[in-house]
file query28.cif (mmCIF, C-alpha atoms)
data_data
loop_
_atom_site.label_atom_id
_atom_site.label_comp_id
_atom_site.auth_asym_id
_atom_site.auth_seq_id
_atom_site.Cartn_x
_atom_site.Cartn_y
_atom_site.Cartn_z
CA MET A 744 -25.80 204.02 -79.41
CA THR A 745 -24.77 207.52 -80.47
CA THR A 746 -27.30 210.22 -81.25
CA GLN A 747 -26.21 210.45 -84.88
CA SER A 748 -25.17 207.72 -87.30
CA LYS A 749 -21.59 208.21 -88.50
CA ASN A 750 -21.94 206.08 -91.62
CA LYS A 751 -24.42 205.45 -94.38
CA HIS A 752 -26.26 202.72 -92.52
CA GLN A 753 -29.98 203.19 -92.09
CA THR A 754 -30.77 202.81 -88.42
CA ILE A 755 -33.85 201.03 -87.13
CA ALA A 756 -34.91 201.25 -83.50
CA ILE A 757 -37.05 198.48 -82.05
CA ILE A 758 -38.55 199.24 -78.66
CA GLY A 759 -39.56 196.12 -76.76
CA GLY A 760 -37.82 192.77 -76.45
CA GLY A 761 -40.76 190.38 -76.43
CA PRO A 762 -41.66 187.94 -79.24
CA ALA A 763 -43.00 190.69 -81.55
CA GLY A 764 -39.96 192.95 -81.19
CA LEU A 765 -37.53 190.06 -81.54
CA MET A 766 -39.32 188.80 -84.65
CA ALA A 767 -39.15 192.25 -86.22
CA ALA A 768 -35.42 192.24 -85.46
CA GLU A 769 -35.12 188.81 -87.05
CA ILE A 770 -36.70 189.93 -90.33
CA LEU A 771 -34.66 193.13 -90.45
CA SER A 772 -31.37 191.47 -89.55
CA GLN A 773 -31.80 188.86 -92.27
CA ASN A 774 -32.16 191.67 -94.81
CA GLY A 775 -29.27 193.55 -93.22
CA LYS A 776 -26.83 190.99 -94.54
CA ASN A 777 -27.28 192.53 -97.97
CA ASP A 778 -28.32 196.14 -97.29
CA PRO A 779 -26.68 198.66 -94.94
CA ILE A 780 -29.11 198.42 -92.00
CA GLN A 781 -28.28 198.74 -88.32
CA ILE A 782 -30.84 197.31 -85.91
CA ASP A 783 -30.88 198.49 -82.31
CA LEU A 784 -33.31 196.91 -79.87
CA PHE A 785 -34.15 198.74 -76.63
CA ASP A 786 -35.88 197.33 -73.56
CA ALA A 787 -36.56 198.72 -70.10
CA MET A 788 -35.76 195.42 -68.40
CA PRO A 789 -32.29 193.97 -67.66
CA SER A 790 -32.89 191.21 -70.26
CA VAL A 791 -35.31 190.49 -73.09
CA GLY A 792 -38.12 187.93 -73.27
CA ARG A 793 -39.03 187.95 -69.57
CA LYS A 794 -42.76 187.45 -70.05
CA PHE A 795 -42.01 184.88 -72.75
CA LEU A 796 -39.90 182.90 -70.28
CA LEU A 797 -42.54 183.10 -67.56
CA ALA A 798 -45.25 181.96 -69.99
CA GLY A 799 -43.12 178.89 -70.68
CA LYS A 800 -42.53 178.05 -67.05
CA GLY A 801 -45.32 175.48 -66.94
CA GLY A 802 -44.73 174.29 -70.52
CA MET A 803 -44.00 176.48 -73.53
CA ASN A 804 -47.21 176.46 -75.59
CA ILE A 805 -46.03 177.94 -78.90
CA THR A 806 -49.08 177.56 -81.10
CA HIS A 807 -51.98 175.22 -81.89
CA ALA A 808 -52.42 172.52 -84.51
CA GLU A 809 -56.11 173.02 -85.28
CA THR A 810 -57.28 174.04 -88.77
CA MET A 811 -56.61 177.63 -89.81
CA GLU A 812 -60.35 178.21 -90.19
CA THR A 813 -60.91 177.34 -86.52
CA PHE A 814 -57.66 178.99 -85.43
CA LEU A 815 -58.73 182.37 -86.79
CA THR A 816 -62.02 182.30 -84.91
CA ARG A 817 -60.06 182.55 -81.65
CA TYR A 818 -59.43 186.24 -82.36
CA GLY A 819 -63.08 187.23 -82.02
CA THR A 820 -63.98 190.67 -83.32
CA ARG A 821 -60.45 191.23 -84.64
CA GLN A 822 -60.37 188.08 -86.76
CA THR A 823 -60.51 190.12 -89.98
CA GLN A 824 -57.47 192.18 -89.00
CA ILE A 825 -55.43 189.25 -87.61
CA ALA A 826 -56.15 186.93 -90.57
CA PRO A 827 -53.69 188.57 -93.03
CA LEU A 828 -50.91 188.37 -90.46
CA LEU A 829 -51.47 184.67 -89.79
CA ASN A 830 -52.08 183.83 -93.43
CA ALA A 831 -48.57 185.14 -94.08
CA PHE A 832 -47.00 183.42 -91.06
CA GLY A 833 -49.30 180.82 -89.59
CA PRO A 834 -48.92 178.02 -87.04
CA GLU A 835 -47.10 175.67 -89.43
CA ASP A 836 -44.73 178.46 -90.48
CA LEU A 837 -44.05 179.19 -86.82
CA ARG A 838 -43.28 175.54 -86.10
CA ALA A 839 -40.91 175.40 -89.06
CA TRP A 840 -39.19 178.54 -87.81
CA VAL A 841 -38.75 177.01 -84.34
CA HIS A 842 -37.31 173.87 -85.93
CA GLY A 843 -34.85 176.11 -87.76
CA LEU A 844 -33.49 177.16 -84.39
CA GLY A 845 -32.76 173.52 -83.61
CA ILE A 846 -35.77 173.13 -81.31
CA HIS A 847 -38.05 170.14 -81.95
CA THR A 848 -41.78 170.36 -81.28
CA PHE A 849 -44.69 168.02 -80.70
CA VAL A 850 -48.49 168.27 -80.70
CA GLY A 851 -50.13 167.48 -77.37
CA SER A 852 -53.39 165.61 -76.92
CA SER A 853 -55.29 168.94 -76.81
CA GLY A 854 -53.78 170.08 -80.11
CA ARG A 855 -51.41 172.52 -78.43
CA VAL A 856 -47.87 172.66 -79.78
CA PHE A 857 -44.87 172.53 -77.43
CA PRO A 858 -41.09 172.27 -77.68
CA THR A 859 -40.04 168.69 -77.01
CA ASP A 860 -38.41 169.68 -73.72
CA MET A 861 -41.40 171.94 -72.86
CA LYS A 862 -39.03 174.83 -72.06
CA ALA A 863 -38.82 178.39 -73.38
CA ALA A 864 -35.23 179.15 -72.33
CA PRO A 865 -33.40 177.00 -74.94
CA LEU A 866 -35.50 178.52 -77.74
CA LEU A 867 -34.82 182.05 -76.54
CA ARG A 868 -31.08 181.40 -76.15
CA ALA A 869 -30.78 180.01 -79.67
CA TRP A 870 -32.80 182.91 -81.04
CA LEU A 871 -30.76 185.60 -79.31
CA HIS A 872 -27.53 183.98 -80.47
CA ARG A 873 -28.73 184.15 -84.07
CA LEU A 874 -29.87 187.77 -83.73
CA LYS A 875 -26.56 188.86 -82.22
CA THR A 876 -24.66 186.94 -84.89
CA ASN A 877 -26.70 188.85 -87.49
CA GLY A 878 -25.64 192.15 -85.95
CA VAL A 879 -28.63 193.14 -83.81
CA ARG A 880 -27.48 195.35 -80.94
CA PHE A 881 -29.29 195.11 -77.60
CA HIS A 882 -29.65 198.04 -75.22
CA MET A 883 -31.02 197.00 -71.82
CA ARG A 884 -32.43 199.12 -68.98
CA GLN A 885 -33.52 201.72 -71.53
CA ARG A 886 -37.01 203.00 -70.71
CA TRP A 887 -38.71 204.76 -73.58
CA LEU A 888 -40.01 208.20 -72.62
CA GLY A 889 -41.54 209.20 -75.94
CA TRP A 890 -40.38 211.45 -78.72
CA GLY A 891 -38.00 214.40 -78.81
CA ASN A 892 -40.69 217.07 -79.10
CA GLU A 893 -44.25 217.56 -80.29
CA SER A 894 -43.23 218.55 -83.82
CA ASP A 895 -40.82 215.62 -84.22
CA ASP A 896 -41.64 213.15 -87.00
CA GLY A 897 -41.37 210.18 -84.65
CA LYS A 898 -37.75 209.30 -85.37
CA THR A 899 -36.12 211.05 -82.41
CA LEU A 900 -36.62 208.89 -79.35
CA ARG A 901 -36.10 209.69 -75.69
CA PHE A 902 -34.78 207.03 -73.35
CA ALA A 903 -34.08 207.01 -69.63
CA HIS A 904 -31.25 204.79 -68.44
CA THR A 905 -28.86 204.48 -65.52
CA ASP A 906 -26.71 207.39 -66.72
CA GLY A 907 -29.61 209.76 -67.28
CA GLU A 908 -31.55 210.55 -70.44
CA GLN A 909 -30.50 210.34 -74.08
CA LEU A 910 -31.93 211.07 -77.51
CA VAL A 911 -31.64 208.47 -80.24
CA LYS A 912 -32.34 209.17 -83.91
CA ALA A 913 -33.52 206.41 -86.23
CA ASP A 914 -34.69 206.13 -89.82
CA ALA A 915 -37.58 203.83 -88.80
CA VAL A 916 -39.08 202.67 -85.52
CA VAL A 917 -40.89 199.51 -84.42
CA LEU A 918 -42.91 199.82 -81.22
CA ALA A 919 -43.45 196.41 -79.60
CA LEU A 920 -44.10 197.49 -76.04
CA GLY A 921 -46.54 194.80 -74.94
CA GLY A 922 -49.89 195.23 -73.25
CA GLY A 923 -50.76 196.13 -69.69
CA SER A 924 -50.40 192.86 -67.78
CA TRP A 925 -47.38 191.66 -65.78
CA ALA A 926 -45.90 195.10 -65.15
CA ARG A 927 -42.98 193.63 -63.22
CA LEU A 928 -41.87 191.91 -66.42
CA GLY A 929 -42.08 195.10 -68.48
CA SER A 930 -45.63 195.12 -69.88
CA ASP A 931 -46.96 198.05 -67.90
CA GLY A 932 -48.92 200.01 -70.53
CA ALA A 933 -46.89 203.16 -69.81
CA TRP A 934 -46.78 203.83 -73.55
CA VAL A 935 -50.52 204.55 -73.78
CA PRO A 936 -50.39 208.26 -72.81
CA LEU A 937 -47.33 208.75 -75.02
CA LEU A 938 -49.30 207.64 -78.08
CA THR A 939 -52.59 209.27 -77.19
CA ALA A 940 -50.73 212.57 -76.76
CA ARG A 941 -49.88 212.22 -80.46
CA LYS A 942 -53.60 211.73 -81.29
CA ILE A 943 -53.07 208.04 -82.05
CA ASP A 944 -56.27 206.04 -81.55
CA VAL A 945 -55.74 203.65 -78.62
CA ALA A 946 -58.51 201.48 -77.15
CA PRO A 947 -58.34 201.37 -73.33
CA LEU A 948 -56.36 198.44 -71.98
CA GLN A 949 -58.42 195.81 -70.15
CA ALA A 950 -57.70 192.51 -68.45
CA ALA A 951 -57.93 189.45 -70.71
CA ASN A 952 -57.47 185.76 -69.87
CA CYS A 953 -58.24 186.73 -66.31
CA GLY A 954 -60.13 185.60 -63.24
CA PHE A 955 -63.26 187.23 -61.86
CA ASP A 956 -64.56 188.26 -58.46
CA THR A 957 -67.68 187.07 -56.71
CA GLN A 958 -68.89 187.12 -53.10
CA TRP A 959 -68.22 183.78 -51.46
CA SER A 960 -69.16 183.13 -47.87
CA GLU A 961 -66.23 182.89 -45.47
CA HIS A 962 -67.03 179.21 -44.91
CA PHE A 963 -66.96 178.31 -48.60
CA SER A 964 -63.91 180.45 -49.43
CA SER A 965 -61.80 179.12 -46.57
CA ARG A 966 -62.69 175.52 -47.35
CA TYR A 967 -62.55 175.40 -51.13
CA ALA A 968 -60.17 178.16 -52.38
CA GLY A 969 -57.65 176.44 -54.65
CA HIS A 970 -59.94 173.50 -55.48
CA PRO A 971 -60.55 172.72 -59.18
CA LEU A 972 -63.97 171.91 -60.66
CA SER A 973 -63.86 169.32 -63.42
CA PRO A 974 -65.61 168.47 -65.58
CA VAL A 975 -67.94 171.45 -65.73
CA THR A 976 -69.55 173.49 -68.47
CA VAL A 977 -69.72 177.28 -68.16
CA THR A 978 -72.27 179.18 -70.25
CA VAL A 979 -72.44 182.93 -70.76
CA PRO A 980 -76.17 183.30 -71.62
CA ASP A 981 -76.88 184.31 -75.22
CA SER A 982 -73.17 184.13 -75.94
CA HIS A 983 -70.77 181.20 -75.54
CA SER A 984 -70.53 177.88 -73.71
CA LYS A 985 -67.48 175.72 -73.04
CA LYS A 986 -66.62 172.56 -71.12
CA GLY A 987 -63.44 172.16 -69.11
CA GLN A 988 -62.00 173.03 -65.72
CA PHE A 989 -61.71 176.09 -63.53
CA VAL A 990 -60.51 176.82 -60.01
CA ILE A 991 -62.18 178.39 -56.99
CA THR A 992 -60.17 181.32 -55.60
CA GLU A 993 -60.46 183.22 -52.35
CA ASN A 994 -62.37 185.99 -54.13
CA GLY A 995 -63.92 184.24 -57.13
CA VAL A 996 -62.91 181.99 -60.02
CA GLU A 997 -60.02 181.56 -62.43
CA GLY A 998 -58.45 178.92 -64.67
CA SER A 999 -58.41 177.83 -68.30
CA LEU A 1000 -62.19 177.54 -68.72
CA ILE A 1001 -62.78 181.00 -67.26
CA TYR A 1002 -59.94 182.48 -69.33
CA ALA A 1003 -61.45 181.06 -72.53
CA LEU A 1004 -64.70 182.92 -71.81
CA SER A 1005 -63.16 185.98 -70.16
CA SER A 1006 -63.80 188.44 -73.00
CA HIS A 1007 -67.52 187.58 -73.02
CA ILE A 1008 -67.78 187.75 -69.23
CA ARG A 1009 -65.83 191.02 -69.09
CA ASP A 1010 -67.98 192.62 -71.77
CA ARG A 1011 -71.16 191.54 -69.97
CA ILE A 1012 -69.88 193.10 -66.72
CA SER A 1013 -68.95 196.28 -68.58
CA ALA A 1014 -72.45 196.54 -70.05
CA HIS A 1015 -74.52 195.50 -67.04
CA GLY A 1016 -72.32 195.90 -63.97
CA HIS A 1017 -72.20 192.13 -63.40
CA ALA A 1018 -72.36 188.86 -65.32
CA THR A 1019 -74.42 185.82 -64.37
CA VAL A 1020 -72.94 182.64 -65.83
CA LEU A 1021 -74.51 179.19 -65.71
CA LEU A 1022 -72.55 176.21 -64.40
CA ASP A 1023 -73.40 172.68 -65.45
CA LEU A 1024 -71.88 170.56 -62.70
CA ALA A 1025 -72.86 167.30 -64.43
CA PRO A 1026 -72.19 167.97 -68.13
CA ASP A 1027 -72.18 164.27 -69.04
CA TRP A 1028 -75.67 163.74 -67.61
CA THR A 1029 -79.00 164.67 -69.15
CA LEU A 1030 -81.43 166.59 -66.97
CA GLU A 1031 -83.92 163.74 -67.24
CA ARG A 1032 -81.47 161.09 -66.05
CA LEU A 1033 -80.17 163.36 -63.31
CA SER A 1034 -83.69 164.06 -62.07
CA GLN A 1035 -84.52 160.36 -62.01
CA GLU A 1036 -81.43 159.46 -59.99
CA ILE A 1037 -81.91 162.23 -57.45
CA ALA A 1038 -85.58 161.34 -57.05
CA ARG A 1039 -84.76 157.77 -56.02
CA PRO A 1040 -85.55 157.00 -52.37
CA ARG A 1041 -82.66 157.95 -50.09
CA GLY A 1042 -83.95 156.56 -46.83
CA ALA A 1043 -82.09 157.92 -43.82
CA ARG A 1044 -79.20 159.28 -45.88
CA SER A 1045 -78.66 163.01 -46.13
CA MET A 1046 -79.14 164.69 -49.50
CA ALA A 1047 -75.38 165.27 -49.65
CA SER A 1048 -74.72 161.54 -49.25
CA HIS A 1049 -77.45 160.76 -51.74
CA LEU A 1050 -75.92 163.07 -54.36
CA GLN A 1051 -72.51 161.51 -53.84
CA SER A 1052 -73.75 157.93 -54.25
CA ARG A 1053 -76.25 158.48 -57.05
CA VAL A 1054 -74.70 161.20 -59.28
CA ASN A 1055 -71.15 161.61 -57.97
CA ILE A 1056 -71.65 165.19 -56.82
CA THR A 1057 -69.13 165.58 -54.02
CA GLY A 1058 -66.35 167.78 -52.72
CA VAL A 1059 -66.20 171.29 -54.16
CA LYS A 1060 -69.21 170.66 -56.42
CA ALA A 1061 -71.32 169.73 -53.42
CA GLY A 1062 -69.98 172.74 -51.56
CA LEU A 1063 -70.86 175.00 -54.47
CA LEU A 1064 -74.44 173.73 -54.46
CA ARG A 1065 -74.73 174.45 -50.76
CA GLU A 1066 -73.27 177.90 -51.36
CA LEU A 1067 -75.57 178.92 -54.23
CA VAL A 1068 -78.79 176.94 -53.75
CA SER A 1069 -81.33 177.79 -51.06
CA LYS A 1070 -82.17 175.19 -48.40
CA GLU A 1071 -85.70 174.98 -49.74
CA ASP A 1072 -84.59 174.26 -53.35
CA PHE A 1073 -81.87 171.88 -52.17
CA ALA A 1074 -84.52 169.67 -50.59
CA VAL A 1075 -86.64 169.30 -53.76
CA PRO A 1076 -85.10 166.72 -56.18
CA THR A 1077 -86.57 168.19 -59.38
CA ILE A 1078 -85.45 171.72 -58.54
CA LEU A 1079 -82.04 170.52 -57.35
CA ALA A 1080 -81.48 168.69 -60.64
CA THR A 1081 -82.16 171.88 -62.61
CA ARG A 1082 -79.73 173.78 -60.37
CA ILE A 1083 -77.00 171.18 -60.95
CA LYS A 1084 -77.47 171.59 -64.71
CA ALA A 1085 -77.75 175.40 -64.65
CA LEU A 1086 -76.32 176.83 -61.43
CA GLU A 1087 -76.28 180.62 -61.46
CA LEU A 1088 -73.00 182.27 -60.47
CA ASN A 1089 -72.87 186.05 -60.32
CA LEU A 1090 -69.49 187.57 -61.23
CA THR A 1091 -68.95 191.19 -60.27
CA ALA A 1092 -65.59 192.32 -61.69
CA PRO A 1093 -62.52 191.08 -63.56
CA ARG A 1094 -59.37 190.75 -61.51
CA PRO A 1095 -56.86 193.65 -61.85
CA ILE A 1096 -55.14 193.86 -65.21
CA ASP A 1097 -51.71 193.25 -63.69
CA GLU A 1098 -52.90 189.79 -62.59
CA ALA A 1099 -54.17 188.91 -66.06
CA ILE A 1100 -52.29 186.65 -68.46
CA SER A 1101 -52.78 189.19 -71.24
CA SER A 1102 -54.63 192.39 -72.00
CA ALA A 1103 -57.19 193.59 -74.52
CA GLY A 1104 -57.21 197.02 -76.10
CA GLY A 1105 -54.30 198.93 -77.57
CA VAL A 1106 -53.50 200.69 -80.84
CA ARG A 1107 -56.53 200.25 -83.06
CA PHE A 1108 -55.94 198.69 -86.46
CA GLU A 1109 -57.79 201.61 -87.99
CA ALA A 1110 -54.81 203.79 -86.99
CA LEU A 1111 -52.45 201.53 -88.98
CA ASN A 1112 -51.93 200.59 -92.60
CA GLN A 1113 -51.62 197.00 -93.81
CA ASP A 1114 -47.92 196.97 -92.88
CA LEU A 1115 -48.78 198.03 -89.31
CA MET A 1116 -47.38 201.53 -89.83
CA LEU A 1117 -49.09 204.39 -88.04
CA GLN A 1118 -51.13 206.42 -90.51
CA THR A 1119 -50.16 209.71 -88.86
CA MET A 1120 -46.48 208.87 -88.24
CA PRO A 1121 -44.83 207.43 -91.36
CA GLY A 1122 -41.92 205.16 -90.51
CA VAL A 1123 -43.28 204.23 -87.08
CA PHE A 1124 -44.68 200.69 -86.84
CA CYS A 1125 -46.51 198.83 -84.06
CA ALA A 1126 -46.61 195.10 -83.31
CA GLY A 1127 -47.54 192.53 -80.71
CA GLU A 1128 -49.85 192.78 -77.74
CA MET A 1129 -49.90 196.59 -77.86
CA LEU A 1130 -52.27 196.25 -80.82
CA ASP A 1131 -56.02 196.13 -80.20
CA TRP A 1132 -56.74 192.41 -80.24
CA GLU A 1133 -57.06 189.54 -77.78
CA ALA A 1134 -57.14 185.76 -77.85
CA PRO A 1135 -57.43 182.90 -75.36
CA THR A 1136 -54.48 180.89 -74.13
CA GLY A 1137 -53.50 177.90 -76.21
CA GLY A 1138 -50.75 179.33 -78.41
CA TYR A 1139 -52.95 181.98 -80.01
CA LEU A 1140 -51.34 184.91 -78.20
CA LEU A 1141 -47.80 183.99 -79.19
CA SER A 1142 -48.78 183.13 -82.76
CA ALA A 1143 -50.23 186.58 -83.40
CA CYS A 1144 -47.33 188.32 -81.65
CA PHE A 1145 -44.80 186.52 -83.85
CA ALA A 1146 -46.83 187.13 -86.99
CA SER A 1147 -47.34 190.85 -86.29
CA GLY A 1148 -43.64 191.32 -85.56
CA ARG A 1149 -42.83 189.74 -88.90
CA VAL A 1150 -45.29 191.98 -90.75
CA ALA A 1151 -43.92 195.09 -89.03
CA GLY A 1152 -40.36 194.10 -89.93
CA LEU A 1153 -41.27 193.57 -93.56
CA GLY A 1154 -43.22 196.82 -93.47
CA VAL A 1155 -40.11 198.70 -92.37
CA LEU A 1156 -38.15 197.23 -95.27
CA ASN A 1157 -40.87 198.15 -97.78
CA TRP A 1158 -41.09 201.69 -96.45
CA LEU A 1159 -37.32 202.26 -96.55
CA ARG A 1160 -37.11 200.93 -100.10
CA GLU A 1161 -39.96 203.13 -101.27
CA ARG A 1162 -38.12 206.13 -99.91
CA GLY A 1163 -35.08 205.16 -101.95
#

call {"tool": "encode", "arguments": {"input": "query28.cif", "output": "structure tokens"}}
result
Amino acid sequence: MTTQSKNKHQTIAIIGGGPAGLMAAEILSQNGKNDPIQIDLFDAMPSVGRKFLLAGKGGMNITHAETMETFLTRYGTRQTQIAPLLNAFGPEDLRAWVHGLGIHTFVGSSGRVFPTDMKAAPLLRAWLHRLKTNGVRFHMRQRWLGWGNESDDGKTLRFAHTDGEQLVKADAVVLALGGGSWARLGSDGAWVPLLTARKIDVAPLQAANCGFDTQWSEHFSSRYAGHPLSPVTVTVPDSHSKKGQFVITENGVEGSLIYALSSHIRDRISAHGHATVLLDLAPDWTLERLSQEIARPRGARSMASHLQSRVNITGVKAGLLRELVSKEDFAVPTILATRIKALELNLTAPRPIDEAISSAGGVRFEALNQDLMLQTMPGVFCAGEMLDWEAPTGGYLLSACFASGRVAGLGVLNWLRERG
């Protein structure tokens, strides 16, 4: 791309080739069929959609089929800010859009929505073909370095590439640079100091949908790392409780159940230096029934054998009880029953952000207008995971990324039209 436009086209630079940036390009390229708009998308990686493809490796979870009322609650403290985006382009709209690319979808037993073939690559290929057909130009291995100078209005962009550094001028800019997780796929959070240097309000990036550390004994860790616990209920006291499955790791715990509660656990650690969660290892049993079964005579059998035969506590669950319950309490049936129903697990720290599925923090909504344009930099828009929100896995992350990219794209069009 040259440093100056040689025709009357308005040029729009999109920085970031994930779902949010690509959706902004989609909206803008559709309009570009009628108006003189040139869309140029820049990305530091050799190809776009790398994190999108990795997320779909085990099955591309696009969105969720639950009611919108429930869906919106998944965005926690940022529900109010995310709601307008999803009300304009919600889960059903997203499914219809995917179908328009020739990709069929289905709803799984958990309510999650997947492509019929469960793969992300065919969707991305069809999407990129449409964008290129609509005139979007892609510039790979272009790392954004910020703006031309401190007094620049935000439309002169610096990029580093294989041939050195170049300046690119644009009439409007969409920043869709991702969060801080999976740096090797491009989401490295390197944009944070570039924006804070311009006095843009950015909440610190933190790990989200992540595992947590604890202090296992060498015996327990070596024997049970990699083992799943299911079913189990995890409760963050005075906060949230959820039933499902998680996995023991060498240093702690991870998995879907832990990810779903990660924001509450992380915030508790941030406030108190640690978080004690309660594990119910027998969620389908009442405490009364459990106590009665454990109190039955066991004869010459060990307590471990007794637990296995009477209440089906075996394997990693039995190992966890041995790890976290004292010998004295383990020998008393009534106390042991209460431990099985509310086993205390102390978590000391979230895993590093680069190991997390996603990140929290980012450009605060208070720094943006309703079109996701920066209040202090007219014509510069932000979208995707670089905004200050978070959500659990289950299609919620992608849904909000797509929706925010669409709003940013429409915001660019509105802003250009208002300027005449």

call {"tool": "residues_around", "arguments": {"input": "query28.cif", "residues": "Gly1104 in chain A", "least_positions_apart": "2", "cutoff": "10 Å", "atoms": "only C-alpha atoms", "output": "PDB file with C-alpha atoms, in the coordinates of the input"}}
result
ATOM      1  CA  GLY A 922     -49.890 195.230 -73.250  1.00  0.00           C
ATOM      2  CA  GLY A 923     -50.760 196.130 -69.690  1.00  0.00           C
ATOM      3  CA  VAL A 945     -55.740 203.650 -78.620  1.00  0.00           C
ATOM      4  CA  ALA A 946     -58.510 201.480 -77.150  1.00  0.00           C
ATOM      5  CA  PRO A 947     -58.340 201.370 -73.330  1.00  0.00           C
ATOM      6  CA  LEU A 948     -56.360 198.440 -71.980  1.00  0.00           C
ATOM      7  CA  GLN A 949     -58.420 195.810 -70.150  1.00  0.00           C
ATOM      8  CA  ALA A 950     -57.700 192.510 -68.450  1.00  0.00           C
ATOM      9  CA  ALA A 951     -57.930 189.450 -70.710  1.00  0.00           C
ATOM     10  CA  SER A1102     -54.630 192.390 -72.000  1.00  0.00           C
ATOM     11  CA  VAL A1106     -53.500 200.690 -80.840  1.00  0.00           C
ATOM     12  CA  ARG A1107     -56.530 200.250 -83.060  1.00  0.00           C
ATOM     13  CA  GLU A1128     -49.850 192.780 -77.740  1.00  0.00           C
ATOM     14  CA  MET A1129     -49.900 196.590 -77.860  1.00  0.00           C
ATOM     15  CA  LEU A1130     -52.270 196.250 -80.820  1.00  0.00           C
ATOM     16  CA  ASP A1131     -56.020 196.130 -80.200  1.00  0.00           C
ATOM     17  CA  TRP A1132     -56.740 192.410 -80.240  1.00  0.00           C
ATOM     18  CA  GLU A1133     -57.060 189.540 -77.780  1.00  0.00           C
TER      19      GLU A1133
END

call {"tool": "resolve_selection", "arguments": {"input": "query28.cif", "expression": "the PyMOL selection byres ((chain A and resi 842) around 12)", "output": "list of chain:residue names"}}
result
A:Ile805, A:Glu835, A:Asp836, A:Leu837, A:Arg838, A:Ala839, A:Trp840, A:Val841, A:Gly843, A:Leu844, A:Gly845, A:Ile846, A:His847, A:Thr848, A:Phe849, A:Phe857, A:Pro858, A:Thr859, A:Leu866, A:Ala869, A:Trp870

call {"tool": "closest_residue", "arguments": {"input": "query28.cif", "among": "A:Leu815, A:Leu1159, A:Leu1140, A:Leu796", "to": "Pro827 in chain A", "atoms": "all atoms listed in the file"}}
result
A:Leu815

call {"tool": "closest_residue", "arguments": {"input": "query28.cif", "among": "A:Trp890, A:Tyr1139, A:Trp1028, A:Phe1108", "to": "Lys1084 in chain A", "atoms": "all atoms listed in the file"}}
result
A:Trp1028

call {"tool": "closest_atom_pairs", "arguments": {"input": "query28.cif", "of": "range 861-980 of chain A", "to": "range 995-1017 of chain A", "cutoff": "9 Å", "atoms": "all atoms listed in the file", "output": "CSV"}}
result
residue,atom,partner,partner_atom,distance
A:Gln949,CA,A:Arg1009,CA,8.9
A:Ala950,CA,A:Arg1009,CA,8.3
A:Ala951,CA,A:Ser1005,CA,6.3
A:Asn952,CA,A:Tyr1002,CA,4.1
A:Cys953,CA,A:Tyr1002,CA,5.5
A:Gly954,CA,A:Glu997,CA,4.1
A:Phe955,CA,A:Val996,CA,5.6
A:Asp956,CA,A:Gly995,CA,4.3
A:Thr957,CA,A:Gly995,CA,4.7
A:Gln958,CA,A:Gly995,CA,7.0
A:Trp959,CA,A:Gly995,CA,7.1
A:Ser964,CA,A:Gly995,CA,8.6
A:Ala968,CA,A:Gly995,CA,8.6
A:Pro971,CA,A:Gly998,CA,8.5
A:Val975,CA,A:Leu1000,CA,8.9
A:Thr976,CA,A:Leu1000,CA,8.4
A:Val977,CA,A:Leu1000,CA,7.6
A:Thr978,CA,A:Leu1004,CA,8.6
A:Val979,CA,A:Ile1008,CA,6.9

call {"tool": "atom_distance", "arguments": {"input": "query28.cif", "atom1": "CA of Arg817 in chain A", "atom2": "CA of Pro1135 in chain A"}}
result
6.8 Å

call {"tool": "residues_around", "arguments": {"input": "query28.cif", "residues": "Asp914 in chain A", "least_positions_apart": "6", "cutoff": "7 Å", "atoms": "all atoms listed in the file", "output": "ChimeraX atom specification"}}
result
/A:753-755,898

call {"tool": "residues_around", "arguments": {"input": "query28.cif", "residues": "Ser772 in chain A", "least_positions_apart": "3", "cutoff": "9 Å", "atoms": "all atoms listed in the file", "output": "ChimeraX atom specification"}}
result
/A:767-769,775-776,780-782,874,877-879

call {"tool": "closest_residue", "arguments": {"input": "query28.cif", "among": "A:Leu1079, A:Ala1018, A:Ile1100, A:Ala1074", "to": "Ser1045 in chain A", "atoms": "all atoms listed in the file"}}
result
A:Ala1074

call {"tool": "residues_near_point", "arguments": {"input": "query28.cif", "point": "(-81.1, 164.4, -62.2)", "cutoff": "8 Å", "atoms": "all atoms listed in the file", "output": "VMD selection string"}}
result
chain A and resid 1028 to 1038 1054 1076 to 1077 1079 to 1081

call {"tool": "resolve_selection", "arguments": {"input": "query28.cif", "expression": "the PyMOL selection byres ((chain A and resi 1125) around 12)", "output": "number ranges by chain"}}
result
A: 756-759, 763-764, 767, 915-922, 934, 938, 943, 945, 1105-1108, 1110-1118, 1120-1124, 1126-1131, 1144, 1147-1152, 1154-1155

call {"tool": "atom_distance", "arguments": {"input": "query28.cif", "atom1": "CA of Trp925 in chain A", "atom2": "CA of Asp1097 in chain A"}}
result
5.1 Å

call {"tool": "closest_residue", "arguments": {"input": "query28.cif", "among": "A:Val791, A:Leu784, A:Leu1064, A:Val1059", "to": "Val911 in chain A", "atoms": "only C-alpha atoms"}}
result
A:Leu784
